[in-house]
>>> print(open('final_14.cif').read())   # mmCIF, C-alpha atoms and all ligand atoms
data_final
loop_
_atom_site.group_PDB
_atom_site.id
_atom_site.type_symbol
_atom_site.label_atom_id
_atom_site.label_comp_id
_atom_site.auth_asym_id
_atom_site.auth_seq_id
_atom_site.Cartn_x
_atom_site.Cartn_y
_atom_site.Cartn_z
ATOM 1 C CA MET A 8 26.726 14.614 8.480
ATOM 2 C CA ALA A 9 26.132 13.390 4.901
ATOM 3 C CA PRO A 10 23.196 10.945 4.601
ATOM 4 C CA SER A 11 25.522 8.080 3.647
ATOM 5 C CA GLN A 12 27.705 8.578 6.772
ATOM 6 C CA ASP A 13 24.591 8.912 8.903
ATOM 7 C CA ALA A 14 23.361 5.599 7.521
ATOM 8 C CA ALA A 15 26.704 3.918 8.228
ATOM 9 C CA ALA A 16 26.395 4.836 11.901
ATOM 10 C CA ALA A 17 22.792 3.620 12.250
ATOM 11 C CA PRO A 18 22.330 0.575 14.434
ATOM 12 C CA LEU A 19 19.920 -2.194 13.569
ATOM 13 C CA ARG A 20 16.709 -1.105 15.285
ATOM 14 C CA ALA A 21 14.039 -3.503 14.037
ATOM 15 C CA LEU A 22 13.288 -6.926 12.625
ATOM 16 C CA ILE A 23 10.279 -7.045 10.306
ATOM 17 C CA TRP A 24 8.966 -10.586 10.078
ATOM 18 C CA ASP A 25 7.106 -12.182 7.207
ATOM 19 C CA VAL A 26 4.679 -14.918 8.373
ATOM 20 C CA ASP A 27 3.931 -17.738 5.892
ATOM 21 C CA GLY A 28 7.037 -19.801 5.227
ATOM 22 C CA THR A 29 9.211 -17.619 7.489
ATOM 23 C CA LEU A 30 7.735 -18.082 10.965
ATOM 24 C CA ALA A 31 6.280 -21.485 10.144
ATOM 25 C CA GLU A 32 5.880 -23.908 7.225
ATOM 26 C CA THR A 33 2.248 -22.902 6.850
ATOM 27 C CA GLU A 34 1.816 -23.444 3.128
ATOM 28 C CA ARG A 35 1.988 -27.181 2.330
ATOM 29 C CA ASP A 36 0.257 -28.540 5.440
ATOM 30 C CA GLY A 37 -1.757 -25.457 6.377
ATOM 31 C CA HIS A 38 -3.142 -23.215 3.660
ATOM 32 C CA ARG A 39 -2.967 -25.879 0.904
ATOM 33 C CA VAL A 40 -4.948 -28.406 2.922
ATOM 34 C CA ALA A 41 -7.450 -25.718 3.948
ATOM 35 C CA PHE A 42 -7.937 -24.754 0.268
ATOM 36 C CA ASN A 43 -8.647 -28.418 -0.482
ATOM 37 C CA ASP A 44 -11.141 -28.522 2.417
ATOM 38 C CA ALA A 45 -12.854 -25.507 0.856
ATOM 39 C CA PHE A 46 -13.097 -27.225 -2.560
ATOM 40 C CA ALA A 47 -14.573 -30.326 -0.897
ATOM 41 C CA SER A 48 -17.060 -28.302 1.170
ATOM 42 C CA MET A 49 -18.494 -26.868 -2.054
ATOM 43 C CA GLY A 50 -18.731 -30.291 -3.714
ATOM 44 C CA LEU A 51 -15.961 -29.420 -6.176
ATOM 45 C CA PRO A 52 -13.667 -32.241 -7.352
ATOM 46 C CA TRP A 53 -10.580 -29.975 -7.455
ATOM 47 C CA ARG A 54 -7.626 -30.646 -5.144
ATOM 48 C CA TRP A 55 -4.251 -28.878 -5.130
ATOM 49 C CA SER A 56 -1.364 -31.356 -4.989
ATOM 50 C CA VAL A 57 1.857 -30.407 -3.177
ATOM 51 C CA GLU A 58 3.466 -29.846 -6.610
ATOM 52 C CA ARG A 59 0.622 -27.780 -8.086
ATOM 53 C CA TYR A 60 0.545 -25.609 -4.978
ATOM 54 C CA GLY A 61 4.281 -24.952 -5.385
ATOM 55 C CA VAL A 62 3.616 -23.612 -8.876
ATOM 56 C CA LEU A 63 0.685 -21.494 -7.683
ATOM 57 C CA LEU A 64 2.757 -19.988 -4.850
ATOM 58 C CA SER A 65 4.415 -17.633 -7.307
ATOM 59 C CA THR A 66 1.114 -15.742 -6.979
ATOM 60 C CA SER A 67 0.913 -14.004 -3.575
ATOM 61 C CA GLY A 68 -2.434 -13.882 -1.821
ATOM 62 C CA GLY A 69 -4.890 -16.733 -1.444
ATOM 63 C CA LEU A 70 -7.693 -14.992 -3.321
ATOM 64 C CA GLU A 71 -5.382 -14.054 -6.184
ATOM 65 C CA ARG A 72 -4.026 -17.663 -6.237
ATOM 66 C CA LEU A 73 -7.559 -19.042 -6.526
ATOM 67 C CA GLN A 74 -8.400 -16.611 -9.325
ATOM 68 C CA ARG A 75 -5.295 -17.691 -11.210
ATOM 69 C CA ASP A 76 -6.106 -21.384 -10.816
ATOM 70 C CA LEU A 77 -9.717 -20.889 -11.888
ATOM 71 C CA ALA A 78 -8.616 -18.908 -14.941
ATOM 72 C CA GLU A 79 -6.330 -21.795 -15.938
ATOM 73 C CA ARG A 80 -9.053 -24.490 -15.578
ATOM 74 C CA ASP A 81 -11.330 -25.778 -18.338
ATOM 75 C CA ASP A 82 -14.007 -26.819 -15.809
ATOM 76 C CA ALA A 83 -14.294 -23.453 -13.986
ATOM 77 C CA PRO A 84 -17.019 -20.872 -14.782
ATOM 78 C CA ARG A 85 -16.486 -19.069 -18.078
ATOM 79 C CA SER A 86 -17.474 -15.624 -16.872
ATOM 80 C CA ALA A 87 -14.830 -13.634 -14.992
ATOM 81 C CA LEU A 88 -17.483 -12.297 -12.611
ATOM 82 C CA GLU A 89 -18.667 -15.788 -11.716
ATOM 83 C CA ARG A 90 -15.082 -16.920 -11.220
ATOM 84 C CA LEU A 91 -14.455 -14.000 -8.883
ATOM 85 C CA ALA A 92 -17.578 -14.786 -6.840
ATOM 86 C CA LEU A 93 -16.546 -18.444 -6.598
ATOM 87 C CA ALA A 94 -12.974 -17.542 -5.641
ATOM 88 C CA ARG A 95 -14.265 -15.220 -2.897
ATOM 89 C CA GLU A 96 -16.486 -17.934 -1.412
ATOM 90 C CA LEU A 97 -13.694 -20.529 -1.591
ATOM 91 C CA HIS A 98 -11.276 -18.112 0.047
ATOM 92 C CA ARG A 99 -13.756 -17.390 2.828
ATOM 93 C CA ARG A 100 -14.143 -21.116 3.473
ATOM 94 C CA LYS A 101 -10.368 -21.670 3.299
ATOM 95 C CA ASN A 102 -9.833 -18.972 5.899
ATOM 96 C CA ALA A 103 -12.377 -20.678 8.167
ATOM 97 C CA ALA A 104 -10.615 -24.041 7.770
ATOM 98 C CA TYR A 105 -7.035 -22.747 8.245
ATOM 99 C CA PRO A 106 -7.293 -21.691 11.933
ATOM 100 C CA ARG A 107 -8.824 -25.081 12.716
ATOM 101 C CA ARG A 108 -5.680 -26.779 11.386
ATOM 102 C CA VAL A 109 -3.483 -24.401 13.344
ATOM 103 C CA ASP A 110 -5.531 -24.985 16.518
ATOM 104 C CA ALA A 111 -5.187 -28.730 16.008
ATOM 105 C CA GLY A 112 -1.426 -28.201 16.365
ATOM 106 C CA ALA A 113 -0.624 -29.097 12.740
ATOM 107 C CA ILE A 114 1.936 -26.265 12.396
ATOM 108 C CA GLY A 115 4.762 -25.168 14.715
ATOM 109 C CA LEU A 116 7.276 -22.326 14.497
ATOM 110 C CA ARG A 117 10.405 -23.006 12.438
ATOM 111 C CA PRO A 118 13.602 -23.717 14.417
ATOM 112 C CA GLY A 119 15.372 -20.579 15.606
ATOM 113 C CA VAL A 120 12.400 -18.226 15.209
ATOM 114 C CA ARG A 121 11.529 -18.030 18.892
ATOM 115 C CA ARG A 122 15.213 -17.692 19.817
ATOM 116 C CA LEU A 123 16.004 -14.857 17.373
ATOM 117 C CA MET A 124 12.842 -13.014 18.418
ATOM 118 C CA GLN A 125 13.958 -13.225 22.044
ATOM 119 C CA GLU A 126 17.500 -12.092 21.213
ATOM 120 C CA ALA A 127 16.181 -9.065 19.309
ATOM 121 C CA ARG A 128 13.831 -8.141 22.131
ATOM 122 C CA ASP A 129 16.556 -8.571 24.785
ATOM 123 C CA ALA A 130 18.708 -6.171 22.754
ATOM 124 C CA GLY A 131 15.880 -3.612 22.785
ATOM 125 C CA ALA A 132 15.085 -3.900 19.063
ATOM 126 C CA LEU A 133 11.562 -3.403 17.754
ATOM 127 C CA MET A 134 9.668 -6.148 15.951
ATOM 128 C CA ALA A 135 6.965 -5.944 13.317
ATOM 129 C CA ILE A 136 4.879 -8.311 11.210
ATOM 130 C CA ALA A 137 4.530 -7.652 7.470
ATOM 131 C CA THR A 138 2.503 -10.330 5.742
ATOM 132 C CA THR A 139 0.285 -10.960 2.760
ATOM 133 C CA THR A 140 -2.077 -13.188 4.698
ATOM 134 C CA GLY A 141 -5.123 -12.058 6.679
ATOM 135 C CA ARG A 142 -5.047 -10.922 10.318
ATOM 136 C CA ALA A 143 -7.193 -13.840 11.561
ATOM 137 C CA ASN A 144 -4.654 -16.322 10.183
ATOM 138 C CA VAL A 145 -1.794 -14.533 11.946
ATOM 139 C CA GLU A 146 -3.816 -14.394 15.160
ATOM 140 C CA ALA A 147 -4.523 -18.142 14.945
ATOM 141 C CA LEU A 148 -0.883 -19.080 14.396
ATOM 142 C CA LEU A 149 0.782 -16.720 16.852
ATOM 143 C CA SER A 150 -1.692 -17.021 19.708
ATOM 144 C CA ARG A 151 -1.219 -20.772 19.543
ATOM 145 C CA GLN A 152 2.586 -20.557 19.305
ATOM 146 C CA LEU A 153 3.443 -17.474 21.403
ATOM 147 C CA GLY A 154 0.485 -17.313 23.779
ATOM 148 C CA ALA A 155 -2.468 -14.977 24.287
ATOM 149 C CA ALA A 156 -0.234 -11.899 24.729
ATOM 150 C CA TRP A 157 1.654 -12.574 21.470
ATOM 151 C CA ALA A 158 0.750 -9.186 19.936
ATOM 152 C CA ASP A 159 2.626 -7.342 22.734
ATOM 153 C CA ALA A 160 5.883 -8.508 21.155
ATOM 154 C CA PHE A 161 5.202 -6.541 17.970
ATOM 155 C CA ALA A 162 5.222 -2.755 17.680
ATOM 156 C CA VAL A 163 3.515 -2.980 14.286
ATOM 157 C CA LEU A 164 1.258 -5.624 12.765
ATOM 158 C CA LEU A 165 0.476 -5.353 9.048
ATOM 159 C CA CYS A 166 -1.610 -7.941 7.183
ATOM 160 C CA ALA A 167 -3.593 -8.242 3.926
ATOM 161 C CA GLU A 168 -6.254 -5.902 5.327
ATOM 162 C CA ASP A 169 -3.642 -3.128 5.750
ATOM 163 C CA ALA A 170 -1.698 -3.625 2.519
ATOM 164 C CA PRO A 171 -3.948 -4.874 -0.287
ATOM 165 C CA GLN A 172 -1.148 -4.636 -2.858
ATOM 166 C CA LYS A 173 0.435 -8.023 -2.345
ATOM 167 C CA LYS A 174 4.169 -8.868 -2.385
ATOM 168 C CA PRO A 175 6.321 -8.395 -4.499
ATOM 169 C CA HIS A 176 4.748 -4.918 -4.286
ATOM 170 C CA PRO A 177 6.614 -2.992 -1.542
ATOM 171 C CA GLN A 178 3.441 -1.554 0.036
ATOM 172 C CA VAL A 179 3.487 -3.656 3.227
ATOM 173 C CA TYR A 180 7.167 -2.895 3.922
ATOM 174 C CA ALA A 181 6.852 0.811 3.123
ATOM 175 C CA LEU A 182 3.940 0.976 5.550
ATOM 176 C CA ALA A 183 5.893 -0.951 8.191
ATOM 177 C CA LEU A 184 8.736 1.590 8.054
ATOM 178 C CA GLN A 185 6.262 4.448 8.247
ATOM 179 C CA ARG A 186 4.511 2.970 11.314
ATOM 180 C CA LEU A 187 7.815 2.101 13.006
ATOM 181 C CA ALA A 188 9.066 5.626 12.192
ATOM 182 C CA LEU A 189 12.296 4.117 10.876
ATOM 183 C CA ARG A 190 14.377 4.547 7.752
ATOM 184 C CA PRO A 191 14.996 1.511 5.510
ATOM 185 C CA HIS A 192 18.593 1.022 6.700
ATOM 186 C CA GLU A 193 17.473 0.773 10.336
ATOM 187 C CA ALA A 194 15.568 -2.484 9.789
ATOM 188 C CA ILE A 195 16.031 -5.970 8.388
ATOM 189 C CA ALA A 196 13.195 -7.974 6.844
ATOM 190 C CA VAL A 197 13.068 -11.724 7.521
ATOM 191 C CA GLU A 198 11.665 -13.447 4.438
ATOM 192 C CA ASP A 199 11.448 -16.902 2.862
ATOM 193 C CA SER A 200 10.421 -16.412 -0.778
ATOM 194 C CA PRO A 201 11.319 -14.587 -3.997
ATOM 195 C CA ASN A 202 8.184 -12.388 -3.777
ATOM 196 C CA GLY A 203 8.933 -11.491 -0.149
ATOM 197 C CA LEU A 204 12.580 -10.738 -0.904
ATOM 198 C CA ALA A 205 11.621 -8.521 -3.847
ATOM 199 C CA SER A 206 8.986 -6.697 -1.793
ATOM 200 C CA ALA A 207 11.385 -5.763 1.027
ATOM 201 C CA ARG A 208 14.190 -4.811 -1.359
ATOM 202 C CA ALA A 209 11.830 -2.594 -3.351
ATOM 203 C CA ALA A 210 11.150 -0.750 -0.074
ATOM 204 C CA GLY A 211 14.924 -0.367 0.395
ATOM 205 C CA ILE A 212 15.173 -2.868 3.272
ATOM 206 C CA GLU A 213 17.959 -5.446 3.616
ATOM 207 C CA VAL A 214 16.767 -9.050 3.842
ATOM 208 C CA LEU A 215 17.621 -12.048 5.959
ATOM 209 C CA LEU A 216 16.468 -14.837 3.638
ATOM 210 C CA THR A 217 15.499 -18.009 5.540
ATOM 211 C CA ARG A 218 14.398 -20.182 2.633
ATOM 212 C CA SER A 219 11.283 -22.264 3.293
ATOM 213 C CA ALA A 220 10.523 -25.742 1.945
ATOM 214 C CA TYR A 221 8.860 -24.486 -1.242
ATOM 215 C CA PHE A 222 11.678 -22.001 -1.936
ATOM 216 C CA GLU A 223 14.800 -24.059 -1.227
ATOM 217 C CA SER A 224 16.389 -22.819 -4.446
ATOM 218 C CA CYS A 225 15.426 -19.153 -4.005
ATOM 219 C CA ASP A 226 18.172 -16.932 -5.444
ATOM 220 C CA ALA A 227 19.843 -15.014 -2.598
ATOM 221 C CA ALA A 228 21.778 -12.518 -4.729
ATOM 222 C CA ASP A 229 19.715 -9.608 -3.366
ATOM 223 C CA ALA A 230 19.732 -10.796 0.243
ATOM 224 C CA LEU A 231 22.050 -9.546 3.001
ATOM 225 C CA VAL A 232 22.056 -12.986 4.657
ATOM 226 C CA ALA A 233 20.933 -16.352 3.301
ATOM 227 C CA CYS A 234 20.195 -19.593 5.145
ATOM 228 C CA ASN A 235 17.781 -22.514 5.032
ATOM 229 C CA GLY A 236 16.556 -21.864 8.572
ATOM 230 C CA LEU A 237 17.657 -19.600 11.417
ATOM 231 C CA ASP A 238 19.305 -22.519 13.241
ATOM 232 C CA ALA A 239 21.124 -23.613 10.053
ATOM 233 C CA PRO A 240 24.447 -22.311 8.637
ATOM 234 C CA ALA A 241 24.148 -18.727 7.377
ATOM 235 C CA LEU A 242 26.087 -16.884 4.704
ATOM 236 C CA ALA A 243 26.642 -13.166 4.268
ATOM 237 C CA ARG A 244 28.910 -11.219 1.943
ATOM 238 C CA ARG A 245 32.524 -10.769 3.071
ATOM 239 C CA VAL A 246 32.148 -12.601 6.421
ATOM 240 C CA PRO A 247 32.792 -16.269 7.274
ATOM 241 C CA GLU A 248 29.827 -18.640 7.442
ATOM 242 C CA VAL A 249 28.280 -19.019 10.908
ATOM 243 C CA PRO A 250 26.515 -22.157 12.214
ATOM 244 C CA ARG A 251 23.279 -20.235 12.899
ATOM 245 C CA VAL A 252 21.878 -16.718 12.688
ATOM 246 C CA HIS A 253 22.216 -14.823 15.960
ATOM 247 C CA TRP A 254 21.551 -11.214 16.880
ATOM 248 C CA PRO A 255 25.107 -9.862 17.499
ATOM 249 C CA TRP A 256 26.291 -11.430 14.227
ATOM 250 C CA LEU A 257 23.321 -9.991 12.341
ATOM 251 C CA CYS A 258 24.075 -6.518 13.760
ATOM 252 C CA ASP A 259 27.697 -6.889 12.667
ATOM 253 C CA VAL A 260 26.749 -7.965 9.118
ATOM 254 C CA HIS A 261 24.283 -5.084 8.917
ATOM 255 C CA ARG A 262 26.878 -2.532 10.129
ATOM 256 C CA ARG A 263 29.445 -3.785 7.600
ATOM 257 C CA ALA A 264 26.911 -3.559 4.766
ATOM 258 C CA LEU A 265 26.061 0.027 5.671
ATOM 259 C CA ARG A 266 29.748 0.950 5.862
ATOM 260 C CA THR A 267 30.396 -0.602 2.451
ATOM 261 C CA ARG A 268 27.458 1.289 0.997
ATOM 262 C CA ALA A 269 28.571 4.557 2.586
ATOM 263 C CA ALA A 270 32.114 4.095 1.258
ATOM 264 C CA ALA A 271 30.772 3.365 -2.238
ATOM 265 C CA ALA A 272 28.641 6.529 -2.089
ATOM 266 C CA LEU A 273 31.754 8.650 -1.321
ATOM 267 C CA HIS A 274 33.580 7.435 -4.440
HETATM 268 C C1 LIG B 301 1.933 -15.817 1.903
HETATM 269 C C2 LIG B 301 0.806 -15.705 0.993
HETATM 270 C C3 LIG B 301 -0.580 -15.929 1.458
HETATM 271 C C4 LIG B 301 -0.854 -17.324 2.004
HETATM 272 C C5 LIG B 301 -2.343 -17.583 2.141
HETATM 273 O O1 LIG B 301 2.103 -14.622 2.563
HETATM 274 O O2 LIG B 301 1.030 -15.386 -0.158
HETATM 275 O O3 LIG B 301 -1.413 -15.715 0.350
HETATM 276 O O4 LIG B 301 -0.359 -18.293 1.116
HETATM 277 O O5 LIG B 301 -2.967 -16.613 2.907
HETATM 278 P P1 LIG B 301 3.444 -14.165 3.379
HETATM 279 P P2 LIG B 301 -4.284 -15.841 2.386
HETATM 280 O O6 LIG B 301 4.576 -15.042 2.996
HETATM 281 O O7 LIG B 301 3.634 -12.727 2.976
HETATM 282 O O8 LIG B 301 3.104 -14.293 4.840
HETATM 283 O O9 LIG B 301 -5.188 -16.851 1.826
HETATM 284 O O10 LIG B 301 -4.822 -15.154 3.614
HETATM 285 O O11 LIG B 301 -3.813 -14.860 1.335
HETATM 286 MG MG MG B 302 6.453 -15.877 3.126
#
>>> encode(input="final_14.cif", output="structure tokens")
Amino acid sequence: MAPSQDAAAAPLRALIWDVDGTLAETERDGHRVAFNDAFASMGLPWRWSVERYGVLLSTSGGLERLQRDLAERDDAPRSALERLALARELHRRKNAAYPRRVDAGAIGLRPGVRRLMQEARDAGALMAIATTTGRANVEALLSRQLGAAWADAFAVLLCAEDAPQKKPHPQVYALALQRLALRPHEAIAVEDSPNGLASARAAGIEVLLTRSAYFESCDAADALVACNGLDAPALARRVPEVPRVHWPWLCDVHRRALRTRAAAALH
């Protein structure tokens, strides 16, 4: 069978979940506040407003975001080495503060996340995590929201420690496919942001874009499905809008996309 026909027959075998913004609105009330706690704990007058944080979010990775902000400030150390040392210490403190906010119950899962996870699992699909954030942050969020055995739900768990090249680089998604032993067309990535969308697409994976609060106007041209939440109306190419994303519909959209691609490859 030609590769294109083979692909057209492939069922959807895995959902690969992003974390920040996709599983929960962790950025504005979680990471941002924890960064501000870190500034305060070092006696620094800096605070990231909701708006400033939205601008900085185009840089993936908390350490990289800090380095960018420090480089743009007049009142930060002049030397790049000193700025890096300061950013590392601030990031360490931020990552100590973040789980405390999560444990205090400040952040819940977005609507529809738990349901779609259950539907995928009931259908026998695999699930993976592919995130830019650190493992301890994922552990804090998911143990609180899914219980102590949360990791059993995921065949593969990839965080900043596993994929140091941050999104939009495809490293984390390429690694996820490798560990799942799947080909790109056998999985869908669930993402919330332009960097996440670009990362999955660069690894050849179709994307279910569930825009988060900071990325409400994220362009969905490269996404297979677009919505503003898994329990909200969802749009896909060449099929009518549905009131919410659900597993059988997602499988159908995925199958149609593969067929269209296979047909295009034959012409
Ligand atoms: C989002 C990020 C992260 C978080 C902060 O990752 O870019 O940097 O904002 O976490 P994703 P760290 O959407 O891929 O989950 O400080 O641990 O980087
Ligand atoms: Mg995200």
>>> closest_residue(input="final_14.cif", among="A:Ser86, A:Thr139, A:Asn43, A:Asn235", to="ligand MG 302 (chain B)", atoms="all atoms listed in the file")
A:Thr139
>>> residues_near_ligand(input="final_14.cif", ligand="ligand LIG 301 (chain B)", cutoff="7 Å", atoms="only C-alpha atoms and all ligand atoms", output="list in words")
Asp25, Val26, Asp27, Gly28, Thr29, Glu34, His38, Leu64, Thr66, Ser67, Gly68, Gly69, Leu70, His98, Asn102, Ala137, Thr138, Thr139, Thr140, Gly141, Asn144, Lys174 and Gly203 of chain A
>>> residues_near_point(input="final_14.cif", point="(21.0, -14.4, 15.5)", cutoff="9 Å", atoms="all atoms listed in the file", output="PyMOL selection string")
chain A and resi 119+122-124+126-127+237-238+251-258
>>> resolve_selection(input="final_14.cif", expression="the PyMOL selection byres (((chain A and resi 151) around 12) and not hetatm)", output="PyMOL selection string")
chain A and resi 106-116+144-150+152-158
>>> residues_near_point(input="final_14.cif", point="(-6.0, -26.6, 1.4)", cutoff="12 Å", atoms="all atoms listed in the file", output="ChimeraX atom specification")
/A:33-48,53-57,59-60,69,72-73,97-98,100-108
>>> closest_residue(input="final_14.cif", among="A:Met134, A:Ala228, A:Leu30, A:Met49", to="ligand MG 302 (chain B)", atoms="all atoms listed in the file")
A:Leu30
>>> atom_distance(input="final_14.cif", atom1="CA of Ala135 in chain A", atom2="CA of Leu22 in chain A")
6.4 Å
>>> atom_distance(input="final_14.cif", atom1="CA of Leu215 in chain A", atom2="CA of Glu168 in chain A")
24.7 Å
>>> atom_distance(input="final_14.cif", atom1="CA of Ala230 in chain A", atom2="CA of Ala243 in chain A")
8.3 Å
>>> residues_around(input="final_14.cif", residues="Ala205 in chain A", least_positions_apart="4", cutoff="12 Å", atoms="all atoms listed in the file", output="mmCIF file with C-alpha atoms, keeping the file's coordinate frame")
data_model
loop_
_atom_site.group_PDB
_atom_site.id
_atom_site.type_symbol
_atom_site.label_atom_id
_atom_site.label_comp_id
_atom_site.auth_asym_id
_atom_site.auth_seq_id
_atom_site.Cartn_x
_atom_site.Cartn_y
_atom_site.Cartn_z
ATOM 1 C CA LYS A 173 0.435 -8.023 -2.345
ATOM 2 C CA LYS A 174 4.169 -8.868 -2.385
ATOM 3 C CA PRO A 175 6.321 -8.395 -4.499
ATOM 4 C CA HIS A 176 4.748 -4.918 -4.286
ATOM 5 C CA PRO A 177 6.614 -2.992 -1.542
ATOM 6 C CA GLN A 178 3.441 -1.554 0.036
ATOM 7 C CA VAL A 179 3.487 -3.656 3.227
ATOM 8 C CA TYR A 180 7.167 -2.895 3.922
ATOM 9 C CA ALA A 196 13.195 -7.974 6.844
ATOM 10 C CA VAL A 197 13.068 -11.724 7.521
ATOM 11 C CA GLU A 198 11.665 -13.447 4.438
ATOM 12 C CA ASP A 199 11.448 -16.902 2.862
ATOM 13 C CA SER A 200 10.421 -16.412 -0.778
ATOM 14 C CA PRO A 201 11.319 -14.587 -3.997
ATOM 15 C CA ALA A 209 11.830 -2.594 -3.351
ATOM 16 C CA ALA A 210 11.150 -0.750 -0.074
ATOM 17 C CA GLY A 211 14.924 -0.367 0.395
ATOM 18 C CA ILE A 212 15.173 -2.868 3.272
ATOM 19 C CA GLU A 213 17.959 -5.446 3.616
ATOM 20 C CA VAL A 214 16.767 -9.050 3.842
ATOM 21 C CA LEU A 216 16.468 -14.837 3.638
ATOM 22 C CA CYS A 225 15.426 -19.153 -4.005
ATOM 23 C CA ASP A 226 18.172 -16.932 -5.444
ATOM 24 C CA ALA A 227 19.843 -15.014 -2.598
ATOM 25 C CA ALA A 228 21.778 -12.518 -4.729
ATOM 26 C CA ASP A 229 19.715 -9.608 -3.366
ATOM 27 C CA ALA A 230 19.732 -10.796 0.243
#
>>> axis_aligned_box(input="final_14.cif", around="range 105-120 of chain A", padding_each_side="4 Å", output="AutoDock Vina command-line options")
--center_x 3.3 --center_y -23.7 --center_z 12.4 --size_x 32.2 --size_y 18.9 --size_z 16.3
>>> resolve_selection(input="final_14.cif", expression="the PyMOL selection byres (((chain A and resi 83) around 12) and not hetatm)", output="PyMOL selection string")
chain A and resi 51-53+73-82+84-94
>>> closest_residue(input="final_14.cif", among="A:Arg117, A:Glu223, A:Ala264, A:Cys234", to="Pro250 in chain A", atoms="all atoms listed in the file")
A:Cys234
>>> closest_residue(input="final_14.cif", among="A:Val163, A:Leu63, A:Leu182, A:Leu204", to="ligand MG 302 (chain B)", atoms="only C-alpha atoms and all ligand atoms")
A:Leu204
>>> closest_residue(input="final_14.cif", among="A:Leu273, A:Ala220, A:Ile195, A:Ala183", to="ligand MG 302 (chain B)", atoms="all atoms listed in the file")
A:Ala220
>>> closest_residue(input="final_14.cif", among="A:Gln185, A:Thr267, A:Ser219, A:Ser224", to="ligand MG 302 (chain B)", atoms="only C-alpha atoms and all ligand atoms")
A:Ser219
>>> decode(input="final_14.cif", residues="range 112-128 of chain A", atoms="N, CA and C atoms", output="PDB file, in the first residue's frame")
ATOM      1  N   GLY A 112      -5.449  25.818  45.336  1.00  0.00           N
ATOM      2  CA  GLY A 112      -6.679  25.666  44.547  1.00  0.00           C
ATOM      3  C   GLY A 112      -6.961  26.842  43.636  1.00  0.00           C
ATOM      4  N   ALA A 113      -5.921  27.640  43.329  1.00  0.00           N
ATOM      5  CA  ALA A 113      -6.124  28.848  42.510  1.00  0.00           C
ATOM      6  C   ALA A 113      -6.449  28.513  41.049  1.00  0.00           C
ATOM      7  N   ILE A 114      -6.131  27.286  40.605  1.00  0.00           N
ATOM      8  CA  ILE A 114      -6.258  26.973  39.170  1.00  0.00           C
ATOM      9  C   ILE A 114      -6.916  25.607  38.956  1.00  0.00           C
ATOM     10  N   GLY A 115      -8.030  25.604  38.212  1.00  0.00           N
ATOM     11  CA  GLY A 115      -8.708  24.342  37.888  1.00  0.00           C
ATOM     12  C   GLY A 115      -8.524  23.989  36.421  1.00  0.00           C
ATOM     13  N   LEU A 116      -8.926  22.769  36.054  1.00  0.00           N
ATOM     14  CA  LEU A 116      -8.861  22.372  34.641  1.00  0.00           C
ATOM     15  C   LEU A 116      -9.887  23.165  33.839  1.00  0.00           C
ATOM     16  N   ARG A 117      -9.578  23.416  32.564  1.00  0.00           N
ATOM     17  CA  ARG A 117     -10.542  24.108  31.701  1.00  0.00           C
ATOM     18  C   ARG A 117     -11.731  23.179  31.399  1.00  0.00           C
ATOM     19  N   PRO A 118     -12.912  23.760  31.150  1.00  0.00           N
ATOM     20  CA  PRO A 118     -14.086  22.938  30.857  1.00  0.00           C
ATOM     21  C   PRO A 118     -13.834  22.000  29.669  1.00  0.00           C
ATOM     22  N   GLY A 119     -14.277  20.774  29.821  1.00  0.00           N
ATOM     23  CA  GLY A 119     -14.174  19.799  28.728  1.00  0.00           C
ATOM     24  C   GLY A 119     -12.909  18.969  28.723  1.00  0.00           C
ATOM     25  N   VAL A 120     -11.886  19.395  29.473  1.00  0.00           N
ATOM     26  CA  VAL A 120     -10.604  18.681  29.454  1.00  0.00           C
ATOM     27  C   VAL A 120     -10.761  17.279  30.040  1.00  0.00           C
ATOM     28  N   ARG A 121     -11.330  17.229  31.234  1.00  0.00           N
ATOM     29  CA  ARG A 121     -11.516  15.942  31.910  1.00  0.00           C
ATOM     30  C   ARG A 121     -12.394  15.010  31.047  1.00  0.00           C
ATOM     31  N   ARG A 122     -13.436  15.584  30.473  1.00  0.00           N
ATOM     32  CA  ARG A 122     -14.369  14.780  29.662  1.00  0.00           C
ATOM     33  C   ARG A 122     -13.677  14.204  28.427  1.00  0.00           C
ATOM     34  N   LEU A 123     -12.945  15.052  27.669  1.00  0.00           N
ATOM     35  CA  LEU A 123     -12.307  14.548  26.448  1.00  0.00           C
ATOM     36  C   LEU A 123     -11.218  13.529  26.779  1.00  0.00           C
ATOM     37  N   MET A 124     -10.524  13.739  27.889  1.00  0.00           N
ATOM     38  CA  MET A 124      -9.519  12.749  28.313  1.00  0.00           C
ATOM     39  C   MET A 124     -10.200  11.399  28.556  1.00  0.00           C
ATOM     40  N   GLN A 125     -11.330  11.442  29.234  1.00  0.00           N
ATOM     41  CA  GLN A 125     -12.043  10.191  29.548  1.00  0.00           C
ATOM     42  C   GLN A 125     -12.552   9.522  28.274  1.00  0.00           C
ATOM     43  N   GLU A 126     -13.077  10.327  27.342  1.00  0.00           N
ATOM     44  CA  GLU A 126     -13.582   9.765  26.089  1.00  0.00           C
ATOM     45  C   GLU A 126     -12.460   9.091  25.303  1.00  0.00           C
ATOM     46  N   ALA A 127     -11.300   9.734  25.270  1.00  0.00           N
ATOM     47  CA  ALA A 127     -10.153   9.159  24.540  1.00  0.00           C
ATOM     48  C   ALA A 127      -9.715   7.854  25.196  1.00  0.00           C
ATOM     49  N   ARG A 128      -9.656   7.859  26.504  1.00  0.00           N
ATOM     50  CA  ARG A 128      -9.233   6.647  27.221  1.00  0.00           C
ATOM     51  C   ARG A 128     -10.245   5.519  27.042  1.00  0.00           C
TER      52      ARG A 128
END
